[in-house]
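Engineer: Here it is, the structure in full.
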Amino acid sequence: MPSVTVSVPRDFVLWRDACSYGYFLLAPNQWIPSEKTLLRPLRLKNGPVACAVSQTGKGKSLRVETSRTLKATEKGELNSQLTRMLRLDMTTAQVNEFHKLDPRWKKTGEARLCRSPTLFEDLVKTVTSCNVTWPGSRGMNRRLCEVLGEGAASGKCFPTSQILAKQRPAFLRGRCGVGYRDERLVQLAKMYAKGAIDVRWLEGAATPTEEIREYLLELPGIGPYAAANILQLLGRYELLPCDSEAVRHGREVLGMKGSSARVAKQVAKHFEQYGKYCFLSYWFELRVAYQAKHGPAHTWEYGQDGKLVTAARAAAIRKK
DNA sequence: GGTAGACCTGGACGC
DNA sequence: GCGTCCAGGTCTACC
């Protein structure tokens with residue numbers, strides 16, 4: 001099988017950093033715990049290509065097995081898409097800066113959060129994770145790929161903005177189960193496809209965070225939570241996406257009391273101590289609780305019933 | 001500026 | 001198996 005090599009920063013660990021944010025569990029991503037390998041189709045200039053990304057050790061280059069031989073320009077495209085997705089552009093110096101602000105994560109080395117190869121996919125994944133439980137979010141992303149994605153049946157790409165923009169809202173609702181998000185997703189895709197959303201400006205280091213936030217809030221389907229989440233996906237960690245999980249964390253772990261709105265404000269205030277890396281501190285703290293319940297994230301996989309196979313559930317299955 | 005209710009789906013629960 | 005209730009964030013109307 002043809003393969004490509006991708007260089008990584010010396011502190012990068014695939015199983016830790018690819019499984020750092022929930023998007024590694026959303027289609028078209030597929031994590032294989034037993035092989036510590038990430039499977040996902042990528043859309044390149046000459047068409048889709050199925051990829052299997054693996055690594056032999058910390059700081060070692062990634063080995064990317066591809067379903068077809070790539071031309072030099074396509075290798076460059078693959079490199080830049082994986083760089084965005086796995087945050088390979090977050091330097092070791094930035095990682096150290098975060099660990100200096102919050103030393104709790106220095107030992108494990110956690111700092112990078114997995115995202116999507118494109119901003120458009122991040123926008124759609126954010127909208128499809130609002131006002132819905134996690135299985136619902138997984139279902140929407142799976143069906144978007146199955147119904148609208150290009151590529152082999154076993155590995156369909158995430159639909160592009162152009163493809164999504166051409167759909168009728170009722171079709172999206174009926175076939176992809178996106179519910180009331182149908183029109184908002186089509187509107188978002190239309191804006192993105194015609195270049196009305198300035199990706200360079202949004203991803204530009206010089207653009208003020210508050211301006212980006214205000215802009216995002218004007219987009220269909222994007223409210224305060226979604227805007228803050230997209231900001232962290234853009235590498236801006238100073239705001240917290242305060243959702244029900246944040247409130248639960250505030251009450252159960254940080255011992256906060258009062259109405260949900262009050263607790264949300266208290267949580268945001270609490271994490272301000274971590275400055276520009278506020279969200280990273282919050283997220284890794286939240287993960288400790290998840291992993292205490294379900295085991296390490298890189299061991300998570302889904303059974304044929306679509307349910308998460310946690311260590312506890314695996315033991316229960318074995319007993320049967 | 002703050003609040004209430006609708007939006008839609010999947011899971012949990014009771015019968 | 002069926003019906004009911006609930007959780008989840010955004011959006012709009014209303015005060």
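Going by the structure tokens order, chains are called A, B, ..., each with residues numbered from 1, while ligands are numbered from 1 in the order shown.
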With 9 Å as the limit and counting only C-alpha atoms (C1' of nucleotides), what residues in chain A lie close to chain C? Please list them as a PyMOL selection string.

Structural biologist: chain A and resi 129-133+221-226+243-244

Engineer: Output N, CA, C and O atoms of each residue in that selection to a file, as a tab-separated table (two decimals), in the first residue's frame.

Structural biologist:
chain	number	residue	atom	x	y	z
A	129	SER	N	-23.63	19.68	16.95
A	129	SER	CA	-23.43	19.21	18.34
A	129	SER	C	-24.20	20.10	19.32
A	129	SER	O	-24.10	19.92	20.52
A	130	CYS	N	-24.97	21.05	18.78
A	130	CYS	CA	-25.76	21.94	19.64
A	130	CYS	C	-27.16	21.36	19.87
A	130	CYS	O	-27.79	20.88	18.94
A	131	ASN	N	-27.64	21.48	21.09
A	131	ASN	CA	-29.00	21.08	21.45
A	131	ASN	C	-29.30	19.64	21.05
A	131	ASN	O	-30.37	19.33	20.53
A	132	VAL	N	-28.34	18.79	21.28
A	132	VAL	CA	-28.52	17.38	20.93
A	132	VAL	C	-27.57	16.56	21.79
A	132	VAL	O	-26.53	17.07	22.22
A	133	THR	N	-27.96	15.33	22.08
A	133	THR	CA	-27.06	14.48	22.86
A	133	THR	C	-25.96	13.94	21.95
A	133	THR	O	-26.06	14.02	20.72
A	221	GLY	N	-27.32	29.60	12.96
A	221	GLY	CA	-27.09	28.42	13.80
A	221	GLY	C	-26.00	28.59	14.84
A	221	GLY	O	-25.71	27.66	15.59
A	222	ILE	N	-25.36	29.77	14.85
A	222	ILE	CA	-24.25	29.99	15.78
A	222	ILE	C	-24.69	30.94	16.89
A	222	ILE	O	-25.00	32.10	16.64
A	223	GLY	N	-24.73	30.44	18.11
A	223	GLY	CA	-25.04	31.25	19.29
A	223	GLY	C	-23.79	31.39	20.15
A	223	GLY	O	-22.69	31.04	19.69
A	224	PRO	N	-23.94	31.85	21.39
A	224	PRO	CA	-22.77	32.07	22.26
A	224	PRO	C	-21.91	30.82	22.48
A	224	PRO	O	-20.68	30.90	22.45
A	225	TYR	N	-22.56	29.69	22.71
A	225	TYR	CA	-21.79	28.46	22.94
A	225	TYR	C	-21.02	28.06	21.68
A	225	TYR	O	-19.81	27.81	21.72
A	226	ALA	N	-21.73	28.03	20.54
A	226	ALA	CA	-21.10	27.60	19.29
A	226	ALA	C	-19.96	28.56	18.90
A	226	ALA	O	-18.90	28.11	18.46
A	243	ASP	N	-21.69	25.32	28.23
A	243	ASP	CA	-22.88	24.53	27.96
A	243	ASP	C	-23.30	23.81	29.24
A	243	ASP	O	-22.79	24.09	30.32
A	244	SER	N	-24.22	22.86	29.09
A	244	SER	CA	-24.72	22.15	30.28
A	244	SER	C	-23.59	21.36	30.95
A	244	SER	O	-23.62	21.14	32.16

Engineer: Using 8 Å as the limit and counting only C-alpha atoms (C1' of nucleotides), can you tabulate each residue of chain A that touches chain B, with its shortest atom-to-atom distance in Å and the two atoms involved, as a tab-separated table?

Structural biologist:
residue	atom	partner	partner_atom	distance
A:Val132	CA	B:DT9	C1'	7.3
A:Thr133	CA	B:DG10	C1'	7.5
A:Pro135	CA	B:DG10	C1'	7.4
A:Gly136	CA	B:DG10	C1'	6.4
A:Gly177	CA	B:DT9	C1'	7.9
A:Gly179	CA	B:DC8	C1'	5.0
A:Tyr180	CA	B:DC8	C1'	5.9

Engineer: Write out as a ChimeraX atom specification which residues come within 12 Å of Arg104 (chain A) when counting only C-alpha atoms (C1' of nucleotides), dropping same-chain ones fewer than 3 positions away.

Structural biologist: /A:96,98-101,107-111,274,280-282,284-285,288

Engineer: Which residues come within 12 Å of Gln266 (chain A), counting only C-alpha atoms (C1' of nucleotides), excluding same-chain residues fewer than 3 positions away, as a list in words?

Structural biologist: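 In the requested form, the answer reads Leu240, Cys242, Ala246, Val247, Arg248, His249, Gly250, Arg251, Leu254, Gly255, Met256, Lys257, Gly258, Ser259, Ser260, Ala261, Arg262, Val263, Lys269, His270, Phe271 and Glu272 of chain A.
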
Engineer: Enter the distance from CA of Ala165 (chain A) to CA of Gln30 (chain A), in Å, rounded to one decimal.

Structural biologist: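 Result for CA of Ala165 (chain A) versus CA of Gln30 (chain A): 25.6 Å, one decimal.
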